[in-house]
$ cat protein_9.txt   # compact mmCIF, N, CA and C atoms
# COMPACT_ATOMS: atom_id res chain seq x y z
N MET A 1 26.02 -85.54 13.51
CA MET A 1 26.11 -85.15 12.11
C MET A 1 26.33 -86.40 11.25
N GLN A 2 25.62 -86.44 10.13
CA GLN A 2 25.71 -87.62 9.29
C GLN A 2 27.00 -87.63 8.47
N GLU A 3 27.40 -88.82 8.06
CA GLU A 3 28.58 -88.98 7.24
C GLU A 3 28.32 -88.40 5.86
N LYS A 4 29.35 -87.79 5.28
CA LYS A 4 29.20 -87.17 3.96
C LYS A 4 28.86 -88.23 2.92
N LYS A 5 27.89 -87.89 2.09
CA LYS A 5 27.46 -88.80 1.03
C LYS A 5 28.11 -88.36 -0.28
N TYR A 6 28.60 -89.34 -1.01
CA TYR A 6 29.10 -89.09 -2.36
C TYR A 6 28.13 -89.75 -3.33
N PHE A 7 27.70 -89.00 -4.32
CA PHE A 7 26.71 -89.46 -5.28
C PHE A 7 27.38 -89.97 -6.54
N SER A 8 26.86 -91.07 -7.08
CA SER A 8 27.19 -91.45 -8.44
C SER A 8 26.32 -90.57 -9.35
N VAL A 9 26.62 -90.53 -10.62
CA VAL A 9 25.80 -89.76 -11.56
C VAL A 9 24.37 -90.31 -11.53
N GLU A 10 24.22 -91.63 -11.49
CA GLU A 10 22.91 -92.26 -11.49
C GLU A 10 22.13 -91.87 -10.23
N GLU A 11 22.77 -91.90 -9.07
CA GLU A 11 22.10 -91.53 -7.82
C GLU A 11 21.66 -90.07 -7.85
N ALA A 12 22.52 -89.20 -8.36
CA ALA A 12 22.16 -87.78 -8.46
C ALA A 12 20.97 -87.61 -9.39
N ASN A 13 20.98 -88.30 -10.52
CA ASN A 13 19.86 -88.20 -11.47
C ASN A 13 18.55 -88.68 -10.86
N GLU A 14 18.62 -89.67 -9.98
CA GLU A 14 17.41 -90.17 -9.31
C GLU A 14 16.79 -89.11 -8.41
N CYS A 15 17.58 -88.16 -7.93
CA CYS A 15 17.10 -87.09 -7.05
C CYS A 15 16.39 -85.97 -7.80
N ILE A 16 16.62 -85.87 -9.09
CA ILE A 16 16.16 -84.70 -9.84
C ILE A 16 14.64 -84.50 -9.81
N PRO A 17 13.81 -85.53 -10.00
CA PRO A 17 12.36 -85.26 -9.96
C PRO A 17 11.90 -84.60 -8.66
N GLU A 18 12.39 -85.09 -7.54
CA GLU A 18 12.01 -84.50 -6.25
C GLU A 18 12.61 -83.09 -6.09
N LEU A 19 13.82 -82.90 -6.60
CA LEU A 19 14.44 -81.57 -6.53
C LEU A 19 13.69 -80.56 -7.40
N ILE A 20 13.21 -81.00 -8.54
CA ILE A 20 12.41 -80.11 -9.40
C ILE A 20 11.19 -79.63 -8.61
N SER A 21 10.53 -80.55 -7.94
CA SER A 21 9.36 -80.19 -7.13
C SER A 21 9.75 -79.22 -6.01
N ASP A 22 10.84 -79.51 -5.31
CA ASP A 22 11.30 -78.65 -4.21
C ASP A 22 11.68 -77.26 -4.71
N ILE A 23 12.44 -77.19 -5.78
CA ILE A 23 12.90 -75.90 -6.30
C ILE A 23 11.72 -75.09 -6.82
N THR A 24 10.78 -75.75 -7.49
CA THR A 24 9.58 -75.05 -7.98
C THR A 24 8.85 -74.40 -6.81
N LEU A 25 8.68 -75.14 -5.73
CA LEU A 25 8.01 -74.61 -4.55
C LEU A 25 8.85 -73.50 -3.90
N LEU A 26 10.15 -73.68 -3.80
CA LEU A 26 11.00 -72.62 -3.23
C LEU A 26 10.89 -71.32 -4.03
N LEU A 27 10.86 -71.43 -5.34
CA LEU A 27 10.75 -70.23 -6.17
C LEU A 27 9.41 -69.53 -5.96
N LYS A 28 8.33 -70.30 -5.79
CA LYS A 28 7.02 -69.70 -5.50
C LYS A 28 7.02 -69.05 -4.13
N LEU A 29 7.59 -69.73 -3.13
CA LEU A 29 7.65 -69.17 -1.78
C LEU A 29 8.50 -67.91 -1.76
N LYS A 30 9.60 -67.93 -2.50
CA LYS A 30 10.47 -66.75 -2.57
C LYS A 30 9.70 -65.56 -3.11
N GLU A 31 8.91 -65.80 -4.15
CA GLU A 31 8.10 -64.72 -4.74
C GLU A 31 7.09 -64.18 -3.72
N GLU A 32 6.44 -65.09 -2.99
CA GLU A 32 5.48 -64.67 -1.96
C GLU A 32 6.17 -63.88 -0.85
N LEU A 33 7.35 -64.36 -0.43
CA LEU A 33 8.11 -63.65 0.61
C LEU A 33 8.47 -62.24 0.16
N GLU A 34 8.90 -62.11 -1.08
CA GLU A 34 9.27 -60.80 -1.60
C GLU A 34 8.07 -59.86 -1.64
N LYS A 35 6.91 -60.36 -2.04
CA LYS A 35 5.69 -59.53 -2.08
C LYS A 35 5.29 -59.09 -0.68
N LEU A 36 5.29 -60.04 0.26
CA LEU A 36 4.92 -59.71 1.63
C LEU A 36 5.93 -58.74 2.26
N HIS A 37 7.19 -58.96 1.99
CA HIS A 37 8.22 -58.08 2.54
C HIS A 37 8.01 -56.65 2.03
N ALA A 38 7.74 -56.52 0.75
CA ALA A 38 7.51 -55.19 0.17
C ALA A 38 6.27 -54.54 0.80
N LYS A 39 5.26 -55.34 1.06
CA LYS A 39 4.02 -54.83 1.65
C LYS A 39 4.22 -54.43 3.11
N LEU A 40 5.01 -55.20 3.85
CA LEU A 40 5.18 -54.97 5.28
C LEU A 40 6.25 -53.93 5.61
N THR A 41 7.24 -53.77 4.77
CA THR A 41 8.36 -52.88 5.10
C THR A 41 7.91 -51.48 5.48
N PRO A 42 7.04 -50.82 4.71
CA PRO A 42 6.62 -49.47 5.13
C PRO A 42 5.92 -49.47 6.49
N PHE A 43 5.11 -50.49 6.73
CA PHE A 43 4.41 -50.60 8.00
C PHE A 43 5.39 -50.78 9.16
N LEU A 44 6.37 -51.65 8.97
CA LEU A 44 7.32 -51.94 10.04
C LEU A 44 8.26 -50.77 10.32
N GLU A 45 8.47 -49.93 9.32
CA GLU A 45 9.33 -48.77 9.52
C GLU A 45 8.64 -47.70 10.37
N VAL A 46 7.31 -47.68 10.37
CA VAL A 46 6.57 -46.64 11.07
C VAL A 46 6.06 -47.13 12.43
N ILE A 47 5.54 -48.35 12.46
CA ILE A 47 4.91 -48.87 13.67
C ILE A 47 5.61 -50.15 14.10
N PRO A 48 6.07 -50.21 15.34
CA PRO A 48 6.68 -51.48 15.81
C PRO A 48 5.64 -52.61 15.75
N THR A 49 6.06 -53.74 15.26
CA THR A 49 5.13 -54.87 15.13
C THR A 49 4.84 -55.48 16.50
N ASN A 50 3.62 -55.89 16.67
CA ASN A 50 3.24 -56.59 17.90
C ASN A 50 2.90 -58.04 17.61
N GLY A 51 3.22 -58.49 16.38
CA GLY A 51 2.97 -59.89 16.01
C GLY A 51 1.53 -60.15 15.65
N GLY A 52 0.69 -59.13 15.63
CA GLY A 52 -0.72 -59.33 15.36
C GLY A 52 -1.10 -59.20 13.90
N SER A 53 -0.22 -58.75 13.08
CA SER A 53 -0.53 -58.57 11.67
C SER A 53 -0.68 -59.91 10.97
N LYS A 54 -1.76 -60.06 10.19
CA LYS A 54 -1.96 -61.30 9.43
C LYS A 54 -0.84 -61.48 8.42
N ASP A 55 -0.41 -60.38 7.80
CA ASP A 55 0.68 -60.47 6.83
C ASP A 55 1.98 -60.87 7.50
N ALA A 56 2.24 -60.36 8.70
CA ALA A 56 3.46 -60.73 9.42
C ALA A 56 3.43 -62.21 9.77
N LEU A 57 2.28 -62.71 10.18
CA LEU A 57 2.14 -64.14 10.49
C LEU A 57 2.36 -64.98 9.23
N LYS A 58 1.77 -64.54 8.12
CA LYS A 58 1.95 -65.27 6.85
C LYS A 58 3.42 -65.27 6.45
N LEU A 59 4.09 -64.15 6.63
CA LEU A 59 5.52 -64.05 6.31
C LEU A 59 6.31 -65.07 7.12
N MET A 60 6.00 -65.20 8.40
CA MET A 60 6.70 -66.19 9.24
C MET A 60 6.39 -67.61 8.80
N GLN A 61 5.15 -67.90 8.43
CA GLN A 61 4.77 -69.24 8.00
C GLN A 61 5.47 -69.61 6.69
N ILE A 62 5.50 -68.69 5.76
CA ILE A 62 6.16 -68.96 4.48
C ILE A 62 7.66 -69.13 4.70
N GLY A 63 8.22 -68.30 5.56
CA GLY A 63 9.65 -68.43 5.88
C GLY A 63 9.98 -69.78 6.49
N GLU A 64 9.11 -70.27 7.35
CA GLU A 64 9.31 -71.58 7.97
C GLU A 64 9.23 -72.70 6.93
N GLU A 65 8.28 -72.61 6.02
CA GLU A 65 8.16 -73.62 4.95
C GLU A 65 9.39 -73.59 4.05
N PHE A 66 9.87 -72.41 3.74
CA PHE A 66 11.08 -72.23 2.93
C PHE A 66 12.27 -72.91 3.61
N ARG A 67 12.44 -72.64 4.91
CA ARG A 67 13.53 -73.23 5.69
C ARG A 67 13.44 -74.75 5.70
N ARG A 68 12.22 -75.28 5.85
CA ARG A 68 12.02 -76.73 5.92
C ARG A 68 12.46 -77.39 4.60
N ILE A 69 12.12 -76.78 3.48
CA ILE A 69 12.48 -77.36 2.18
C ILE A 69 13.99 -77.32 1.98
N VAL A 70 14.62 -76.21 2.33
CA VAL A 70 16.08 -76.09 2.20
C VAL A 70 16.76 -77.15 3.06
N GLU A 71 16.29 -77.34 4.29
CA GLU A 71 16.88 -78.35 5.17
C GLU A 71 16.67 -79.75 4.61
N SER A 72 15.53 -80.00 4.00
CA SER A 72 15.25 -81.31 3.40
C SER A 72 16.25 -81.61 2.27
N ILE A 73 16.55 -80.61 1.48
CA ILE A 73 17.53 -80.77 0.40
C ILE A 73 18.90 -81.09 0.99
N GLN A 74 19.29 -80.35 2.02
CA GLN A 74 20.58 -80.57 2.66
C GLN A 74 20.67 -81.95 3.31
N GLU A 75 19.57 -82.40 3.90
CA GLU A 75 19.57 -83.72 4.56
C GLU A 75 19.79 -84.86 3.57
N ARG A 76 19.47 -84.64 2.31
CA ARG A 76 19.72 -85.65 1.27
C ARG A 76 21.20 -85.75 0.93
N GLY A 77 21.98 -84.76 1.37
CA GLY A 77 23.41 -84.79 1.11
C GLY A 77 23.85 -83.90 -0.04
N CYS A 78 22.92 -83.15 -0.62
CA CYS A 78 23.30 -82.24 -1.71
C CYS A 78 23.22 -80.80 -1.21
N TYR A 79 23.75 -79.89 -2.01
CA TYR A 79 23.88 -78.50 -1.60
C TYR A 79 23.12 -77.58 -2.54
N LEU A 80 22.19 -76.82 -1.97
CA LEU A 80 21.51 -75.78 -2.72
C LEU A 80 22.46 -74.59 -2.78
N LYS A 81 22.88 -74.22 -3.98
CA LYS A 81 23.88 -73.14 -4.14
C LYS A 81 23.25 -71.80 -4.46
N GLY A 82 21.97 -71.79 -4.78
CA GLY A 82 21.29 -70.54 -5.07
C GLY A 82 19.98 -70.78 -5.77
N LEU A 83 19.19 -69.71 -5.89
CA LEU A 83 17.91 -69.82 -6.58
C LEU A 83 17.87 -68.98 -7.85
N GLU A 84 18.85 -68.13 -8.06
CA GLU A 84 18.89 -67.29 -9.26
C GLU A 84 20.27 -67.36 -9.89
N PRO A 85 20.61 -68.33 -10.66
CA PRO A 85 19.78 -69.48 -11.05
C PRO A 85 19.75 -70.53 -9.95
N ALA A 86 18.75 -71.40 -10.01
CA ALA A 86 18.63 -72.48 -9.03
C ALA A 86 19.66 -73.56 -9.37
N LEU A 87 20.58 -73.78 -8.43
CA LEU A 87 21.67 -74.73 -8.65
C LEU A 87 21.78 -75.69 -7.47
N ILE A 88 22.04 -76.94 -7.78
CA ILE A 88 22.29 -77.96 -6.77
C ILE A 88 23.62 -78.63 -7.10
N ASP A 89 24.47 -78.78 -6.09
CA ASP A 89 25.72 -79.53 -6.23
C ASP A 89 25.61 -80.82 -5.43
N PHE A 90 26.16 -81.88 -6.02
CA PHE A 90 26.19 -83.21 -5.40
C PHE A 90 27.64 -83.60 -5.19
N PRO A 91 28.08 -83.85 -3.97
CA PRO A 91 29.44 -84.34 -3.78
C PRO A 91 29.66 -85.63 -4.57
N HIS A 92 30.81 -85.73 -5.21
CA HIS A 92 31.09 -86.84 -6.11
C HIS A 92 32.60 -87.10 -6.09
N LEU A 93 32.97 -88.35 -6.20
CA LEU A 93 34.39 -88.69 -6.31
C LEU A 93 34.70 -88.95 -7.78
N ARG A 94 35.63 -88.18 -8.31
CA ARG A 94 36.06 -88.31 -9.71
C ARG A 94 37.55 -88.59 -9.69
N ASP A 95 37.92 -89.77 -10.13
CA ASP A 95 39.33 -90.20 -10.10
C ASP A 95 39.92 -90.04 -8.70
N GLY A 96 39.12 -90.38 -7.68
CA GLY A 96 39.57 -90.35 -6.30
C GLY A 96 39.60 -88.97 -5.67
N LYS A 97 39.17 -87.96 -6.38
CA LYS A 97 39.18 -86.58 -5.89
C LYS A 97 37.75 -86.08 -5.72
N GLU A 98 37.50 -85.37 -4.61
CA GLU A 98 36.16 -84.83 -4.40
C GLU A 98 35.90 -83.64 -5.33
N VAL A 99 34.79 -83.72 -6.05
CA VAL A 99 34.32 -82.66 -6.95
C VAL A 99 32.80 -82.58 -6.73
N TYR A 100 32.15 -81.71 -7.47
CA TYR A 100 30.70 -81.63 -7.41
C TYR A 100 30.11 -81.95 -8.78
N LEU A 101 29.07 -82.79 -8.76
CA LEU A 101 28.20 -82.91 -9.91
C LEU A 101 27.28 -81.70 -9.82
N CYS A 102 27.03 -81.05 -10.93
CA CYS A 102 26.31 -79.78 -10.91
C CYS A 102 25.03 -79.89 -11.73
N TRP A 103 23.92 -79.53 -11.11
CA TRP A 103 22.63 -79.54 -11.77
C TRP A 103 21.99 -78.17 -11.67
N ARG A 104 21.48 -77.70 -12.79
CA ARG A 104 20.78 -76.42 -12.84
C ARG A 104 19.30 -76.70 -13.11
N TYR A 105 18.45 -76.04 -12.34
CA TYR A 105 17.00 -76.16 -12.52
C TYR A 105 16.66 -75.95 -13.99
N GLY A 106 15.91 -76.90 -14.54
CA GLY A 106 15.56 -76.85 -15.96
C GLY A 106 16.29 -77.91 -16.77
N GLU A 107 17.41 -78.41 -16.25
CA GLU A 107 18.13 -79.48 -16.94
C GLU A 107 17.46 -80.81 -16.57
N ARG A 108 17.44 -81.73 -17.53
CA ARG A 108 16.76 -83.01 -17.31
C ARG A 108 17.62 -84.02 -16.54
N GLU A 109 18.92 -83.84 -16.61
CA GLU A 109 19.82 -84.79 -15.95
C GLU A 109 21.15 -84.11 -15.67
N ILE A 110 21.97 -84.81 -14.89
CA ILE A 110 23.31 -84.33 -14.58
C ILE A 110 24.16 -84.48 -15.83
N ARG A 111 24.71 -83.37 -16.28
CA ARG A 111 25.58 -83.40 -17.46
C ARG A 111 26.92 -82.71 -17.20
N TYR A 112 27.08 -82.12 -16.01
CA TYR A 112 28.27 -81.33 -15.73
C TYR A 112 28.82 -81.64 -14.34
N TRP A 113 30.07 -81.31 -14.18
CA TRP A 113 30.74 -81.38 -12.89
C TRP A 113 31.69 -80.19 -12.82
N HIS A 114 32.16 -79.91 -11.60
CA HIS A 114 33.16 -78.86 -11.44
C HIS A 114 33.97 -79.10 -10.17
N GLU A 115 35.16 -78.53 -10.17
CA GLU A 115 35.99 -78.57 -8.97
C GLU A 115 35.25 -77.84 -7.85
N ILE A 116 35.52 -78.19 -6.62
CA ILE A 116 34.81 -77.62 -5.48
C ILE A 116 34.91 -76.09 -5.46
N HIS A 117 36.07 -75.55 -5.77
CA HIS A 117 36.25 -74.11 -5.66
C HIS A 117 35.94 -73.35 -6.95
N ASP A 118 35.62 -74.07 -8.03
CA ASP A 118 35.35 -73.40 -9.30
C ASP A 118 33.92 -72.90 -9.43
N GLY A 119 32.98 -73.60 -8.84
CA GLY A 119 31.59 -73.18 -8.94
C GLY A 119 31.02 -73.34 -10.34
N PHE A 120 29.84 -72.75 -10.52
CA PHE A 120 29.08 -72.90 -11.75
C PHE A 120 29.87 -72.50 -12.99
N THR A 121 30.65 -71.44 -12.90
CA THR A 121 31.41 -70.97 -14.06
C THR A 121 32.49 -71.95 -14.50
N GLY A 122 32.86 -72.88 -13.62
CA GLY A 122 33.88 -73.87 -13.96
C GLY A 122 33.31 -75.20 -14.40
N ARG A 123 32.01 -75.22 -14.72
CA ARG A 123 31.39 -76.50 -15.12
C ARG A 123 32.05 -77.08 -16.36
N LYS A 124 32.22 -78.42 -16.30
CA LYS A 124 32.78 -79.16 -17.42
C LYS A 124 31.83 -80.30 -17.76
N PRO A 125 31.71 -80.67 -19.02
CA PRO A 125 30.83 -81.81 -19.37
C PRO A 125 31.35 -83.11 -18.75
N LEU A 126 30.44 -83.98 -18.41
CA LEU A 126 30.85 -85.28 -17.85
C LEU A 126 31.60 -86.10 -18.89
$ encode --input "protein_9.txt" --output "structure tokens"
Amino acid sequence: MQEKKYFSVEEANECIPELISDITLLLKLKEELEKLHAKLTPFLEVIPTNGGSKDALKLMQIGEEFRRIVESIQERGCYLKGLEPALIDFPHLRDGKEVYLCWRYGEREIRYWHEIHDGFTGRKPL
């Protein structure tokens, strides 16, 4: 396991362009997964799957791509906290105490932080 990374505001901001790309793709994949799930659920409730359905295969492929992107975000040292809304937390040391820099999809830069246990509702301006 890698050592925990603490981000400066500048380092976190440097991650945002790639995170925008990742989150945009995750949101599209999520939408596709939801459509396929809705399409497959009635079928799976009536007939046991044998893995031969094209839709079932597509569902697995999209799920794998989704997992890969989430792992890529985590490997950078930041935390995907959700997709509705899409939130990323960056571990940060503020006055010697661990907190999170908080970024919400759609924001151009890091402008907020919060205590670890406060979450999004506890965001404070930098």
$ select_by_dssp --input "protein_9.txt" --residues "chain A" --states "strand (DSSP E or B)" --output "PDB file with N, CA and C atoms, in the frame of the given file"
ATOM      1  N   TYR A  79      23.750 -79.890  -2.010  1.00  0.00           N
ATOM      2  CA  TYR A  79      23.880 -78.500  -1.600  1.00  0.00           C
ATOM      3  C   TYR A  79      23.120 -77.580  -2.540  1.00  0.00           C
ATOM      4  N   LEU A  80      22.190 -76.820  -1.970  1.00  0.00           N
ATOM      5  CA  LEU A  80      21.510 -75.780  -2.720  1.00  0.00           C
ATOM      6  C   LEU A  80      22.460 -74.590  -2.780  1.00  0.00           C
ATOM      7  N   LYS A  81      22.880 -74.220  -3.980  1.00  0.00           N
ATOM      8  CA  LYS A  81      23.880 -73.140  -4.140  1.00  0.00           C
ATOM      9  C   LYS A  81      23.250 -71.800  -4.460  1.00  0.00           C
ATOM     10  N   GLY A  82      21.970 -71.790  -4.780  1.00  0.00           N
ATOM     11  CA  GLY A  82      21.290 -70.540  -5.070  1.00  0.00           C
ATOM     12  C   GLY A  82      19.980 -70.780  -5.770  1.00  0.00           C
ATOM     13  N   LEU A  83      19.190 -69.710  -5.890  1.00  0.00           N
ATOM     14  CA  LEU A  83      17.910 -69.820  -6.580  1.00  0.00           C
ATOM     15  C   LEU A  83      17.870 -68.980  -7.850  1.00  0.00           C
ATOM     16  N   ALA A  86      18.750 -71.400 -10.010  1.00  0.00           N
ATOM     17  CA  ALA A  86      18.630 -72.480  -9.030  1.00  0.00           C
ATOM     18  C   ALA A  86      19.660 -73.560  -9.370  1.00  0.00           C
ATOM     19  N   LEU A  87      20.580 -73.780  -8.430  1.00  0.00           N
ATOM     20  CA  LEU A  87      21.670 -74.730  -8.650  1.00  0.00           C
ATOM     21  C   LEU A  87      21.780 -75.690  -7.470  1.00  0.00           C
ATOM     22  N   ILE A  88      22.040 -76.940  -7.780  1.00  0.00           N
ATOM     23  CA  ILE A  88      22.290 -77.960  -6.770  1.00  0.00           C
ATOM     24  C   ILE A  88      23.620 -78.630  -7.100  1.00  0.00           C
ATOM     25  N   ASP A  89      24.470 -78.780  -6.090  1.00  0.00           N
ATOM     26  CA  ASP A  89      25.720 -79.530  -6.230  1.00  0.00           C
ATOM     27  C   ASP A  89      25.610 -80.820  -5.430  1.00  0.00           C
ATOM     28  N   PHE A  90      26.160 -81.880  -6.020  1.00  0.00           N
ATOM     29  CA  PHE A  90      26.190 -83.210  -5.400  1.00  0.00           C
ATOM     30  C   PHE A  90      27.640 -83.600  -5.190  1.00  0.00           C
ATOM     31  N   PRO A  91      28.080 -83.850  -3.970  1.00  0.00           N
ATOM     32  CA  PRO A  91      29.440 -84.340  -3.780  1.00  0.00           C
ATOM     33  C   PRO A  91      29.660 -85.630  -4.570  1.00  0.00           C
ATOM     34  N   HIS A  92      30.810 -85.730  -5.210  1.00  0.00           N
ATOM     35  CA  HIS A  92      31.090 -86.840  -6.110  1.00  0.00           C
ATOM     36  C   HIS A  92      32.600 -87.100  -6.090  1.00  0.00           C
ATOM     37  N   LEU A  93      32.970 -88.350  -6.200  1.00  0.00           N
ATOM     38  CA  LEU A  93      34.390 -88.690  -6.310  1.00  0.00           C
ATOM     39  C   LEU A  93      34.700 -88.950  -7.780  1.00  0.00           C
ATOM     40  N   ARG A  94      35.630 -88.180  -8.310  1.00  0.00           N
ATOM     41  CA  ARG A  94      36.060 -88.310  -9.710  1.00  0.00           C
ATOM     42  C   ARG A  94      37.550 -88.590  -9.690  1.00  0.00           C
ATOM     43  N   LYS A  97      39.170 -87.960  -6.380  1.00  0.00           N
ATOM     44  CA  LYS A  97      39.180 -86.580  -5.890  1.00  0.00           C
ATOM     45  C   LYS A  97      37.750 -86.080  -5.720  1.00  0.00           C
ATOM     46  N   GLU A  98      37.500 -85.370  -4.610  1.00  0.00           N
ATOM     47  CA  GLU A  98      36.160 -84.830  -4.400  1.00  0.00           C
ATOM     48  C   GLU A  98      35.900 -83.640  -5.330  1.00  0.00           C
ATOM     49  N   VAL A  99      34.790 -83.720  -6.050  1.00  0.00           N
ATOM     50  CA  VAL A  99      34.320 -82.660  -6.950  1.00  0.00           C
ATOM     51  C   VAL A  99      32.800 -82.580  -6.730  1.00  0.00           C
ATOM     52  N   TYR A 100      32.150 -81.710  -7.470  1.00  0.00           N
ATOM     53  CA  TYR A 100      30.700 -81.630  -7.410  1.00  0.00           C
ATOM     54  C   TYR A 100      30.110 -81.950  -8.780  1.00  0.00           C
ATOM     55  N   LEU A 101      29.070 -82.790  -8.760  1.00  0.00           N
ATOM     56  CA  LEU A 101      28.200 -82.910  -9.910  1.00  0.00           C
ATOM     57  C   LEU A 101      27.280 -81.700  -9.820  1.00  0.00           C
ATOM     58  N   CYS A 102      27.030 -81.050 -10.930  1.00  0.00           N
ATOM     59  CA  CYS A 102      26.310 -79.780 -10.910  1.00  0.00           C
ATOM     60  C   CYS A 102      25.030 -79.890 -11.730  1.00  0.00           C
ATOM     61  N   TRP A 103      23.920 -79.530 -11.110  1.00  0.00           N
ATOM     62  CA  TRP A 103      22.630 -79.540 -11.770  1.00  0.00           C
ATOM     63  C   TRP A 103      21.990 -78.170 -11.670  1.00  0.00           C
ATOM     64  N   ARG A 104      21.480 -77.700 -12.790  1.00  0.00           N
ATOM     65  CA  ARG A 104      20.780 -76.420 -12.840  1.00  0.00           C
ATOM     66  C   ARG A 104      19.300 -76.700 -13.110  1.00  0.00           C
ATOM     67  N   TYR A 112      27.080 -82.120 -16.010  1.00  0.00           N
ATOM     68  CA  TYR A 112      28.270 -81.330 -15.730  1.00  0.00           C
ATOM     69  C   TYR A 112      28.820 -81.640 -14.340  1.00  0.00           C
ATOM     70  N   TRP A 113      30.070 -81.310 -14.180  1.00  0.00           N
ATOM     71  CA  TRP A 113      30.740 -81.380 -12.890  1.00  0.00           C
ATOM     72  C   TRP A 113      31.690 -80.190 -12.820  1.00  0.00           C
ATOM     73  N   HIS A 114      32.160 -79.910 -11.600  1.00  0.00           N
ATOM     74  CA  HIS A 114      33.160 -78.860 -11.440  1.00  0.00           C
ATOM     75  C   HIS A 114      33.970 -79.100 -10.170  1.00  0.00           C
ATOM     76  N   LYS A 124      32.220 -78.420 -16.300  1.00  0.00           N
ATOM     77  CA  LYS A 124      32.780 -79.160 -17.420  1.00  0.00           C
ATOM     78  C   LYS A 124      31.830 -80.300 -17.760  1.00  0.00           C
ATOM     79  N   PRO A 125      31.710 -80.670 -19.020  1.00  0.00           N
ATOM     80  CA  PRO A 125      30.830 -81.810 -19.370  1.00  0.00           C
ATOM     81  C   PRO A 125      31.350 -83.110 -18.750  1.00  0.00           C
TER      82      PRO A 125
END
$ residues_around --input "protein_9.txt" --residues "segment 92-95 of chain A" --least-positions-apart "6" --cutoff "6 Å" --atoms "all atoms listed in the file" --output "list in words"
Tyr6, Phe7 and Leu101 of chain A
$ write_last_selection --input "protein_9.txt" --atoms "N, CA and C atoms" --output "CSV table (one decimal), in the coordinates of the input"
chain,number,residue,atom,x,y,z
A,6,TYR,N,28.6,-89.3,-1.0
A,6,TYR,CA,29.1,-89.1,-2.4
A,6,TYR,C,28.1,-89.8,-3.3
A,7,PHE,N,27.7,-89.0,-4.3
A,7,PHE,CA,26.7,-89.5,-5.3
A,7,PHE,C,27.4,-90.0,-6.5
A,101,LEU,N,29.1,-82.8,-8.8
A,101,LEU,CA,28.2,-82.9,-9.9
A,101,LEU,C,27.3,-81.7,-9.8
$ residues_around --input "protein_9.txt" --residues "Ile62 of chain A" --least-positions-apart "4" --cutoff "7 Å" --atoms "all atoms listed in the file" --output "list in words"
Leu29, Leu33, Leu57, Lys58, Phe66 and Arg67 of chain A
$ select_by_dssp --input "protein_9.txt" --residues "chain A" --states "alpha helix (DSSP H)" --output "PyMOL selection string"
chain A and resi 9-46+54-75
$ residues_around --input "protein_9.txt" --residues "Leu59 of chain A" --least-positions-apart "5" --cutoff "9 Å" --atoms "only C-alpha atoms" --output "PyMOL selection string"
chain A and resi 32-33+36-37+54+64
$ write_last_selection --input "protein_9.txt" --atoms "N, CA and C atoms" --output "compact mmCIF listing (two decimals), in the coordinates of the input"
# COMPACT_ATOMS: atom_id res chain seq x y z
N GLU A 32 6.44 -65.09 -2.99
CA GLU A 32 5.48 -64.67 -1.96
C GLU A 32 6.17 -63.88 -0.85
N LEU A 33 7.35 -64.36 -0.43
CA LEU A 33 8.11 -63.65 0.61
C LEU A 33 8.47 -62.24 0.16
N LEU A 36 5.29 -60.04 0.26
CA LEU A 36 4.92 -59.71 1.63
C LEU A 36 5.93 -58.74 2.26
N HIS A 37 7.19 -58.96 1.99
CA HIS A 37 8.22 -58.08 2.54
C HIS A 37 8.01 -56.65 2.03
N LYS A 54 -1.76 -60.06 10.19
CA LYS A 54 -1.96 -61.30 9.43
C LYS A 54 -0.84 -61.48 8.42
N GLU A 64 9.11 -70.27 7.35
CA GLU A 64 9.31 -71.58 7.97
C GLU A 64 9.23 -72.70 6.93
$ atom_distance --input "protein_9.txt" --atom1 "atom C of Asp118 of chain A" --atom2 "atom CA of Tyr100 of chain A"
9.5 Å
$ atom_distance --input "protein_9.txt" --atom1 "atom CA of Asn13 of chain A" --atom2 "atom N of Arg68 of chain A"
22.9 Å
$ residues_around --input "protein_9.txt" --residues "Ala12 of chain A" --least-positions-apart "6" --cutoff "10 Å" --atoms "only C-alpha atoms" --output "JSON, numbers by chain"
{"A": [6, 78, 88, 89, 90, 91, 92, 101, 102, 103, 109, 110]}
$ write_last_selection --input "protein_9.txt" --atoms "N, CA and C atoms" --output "short mmCIF file (atom, residue, chain, number, x, y, z; two decimals), keeping the file's coordinate frame"
data_model
loop_
_atom_site.label_atom_id
_atom_site.label_comp_id
_atom_site.auth_asym_id
_atom_site.auth_seq_id
_atom_site.Cartn_x
_atom_site.Cartn_y
_atom_site.Cartn_z
N TYR A 6 28.60 -89.34 -1.01
CA TYR A 6 29.10 -89.09 -2.36
C TYR A 6 28.13 -89.75 -3.33
N CYS A 78 22.92 -83.15 -0.62
CA CYS A 78 23.30 -82.24 -1.71
C CYS A 78 23.22 -80.80 -1.21
N ILE A 88 22.04 -76.94 -7.78
CA ILE A 88 22.29 -77.96 -6.77
C ILE A 88 23.62 -78.63 -7.10
N ASP A 89 24.47 -78.78 -6.09
CA ASP A 89 25.72 -79.53 -6.23
C ASP A 89 25.61 -80.82 -5.43
N PHE A 90 26.16 -81.88 -6.02
CA PHE A 90 26.19 -83.21 -5.40
C PHE A 90 27.64 -83.60 -5.19
N PRO A 91 28.08 -83.85 -3.97
CA PRO A 91 29.44 -84.34 -3.78
C PRO A 91 29.66 -85.63 -4.57
N HIS A 92 30.81 -85.73 -5.21
CA HIS A 92 31.09 -86.84 -6.11
C HIS A 92 32.60 -87.10 -6.09
N LEU A 101 29.07 -82.79 -8.76
CA LEU A 101 28.20 -82.91 -9.91
C LEU A 101 27.28 -81.70 -9.82
N CYS A 102 27.03 -81.05 -10.93
CA CYS A 102 26.31 -79.78 -10.91
C CYS A 102 25.03 -79.89 -11.73
N TRP A 103 23.92 -79.53 -11.11
CA TRP A 103 22.63 -79.54 -11.77
C TRP A 103 21.99 -78.17 -11.67
N GLU A 109 18.92 -83.84 -16.61
CA GLU A 109 19.82 -84.79 -15.95
C GLU A 109 21.15 -84.11 -15.67
N ILE A 110 21.97 -84.81 -14.89
CA ILE A 110 23.31 -84.33 -14.58
C ILE A 110 24.16 -84.48 -15.83
#
$ atom_distance --input "protein_9.txt" --atom1 "atom CA of Gln61 of chain A" --atom2 "atom N of Pro17 of chain A"
25.9 Å
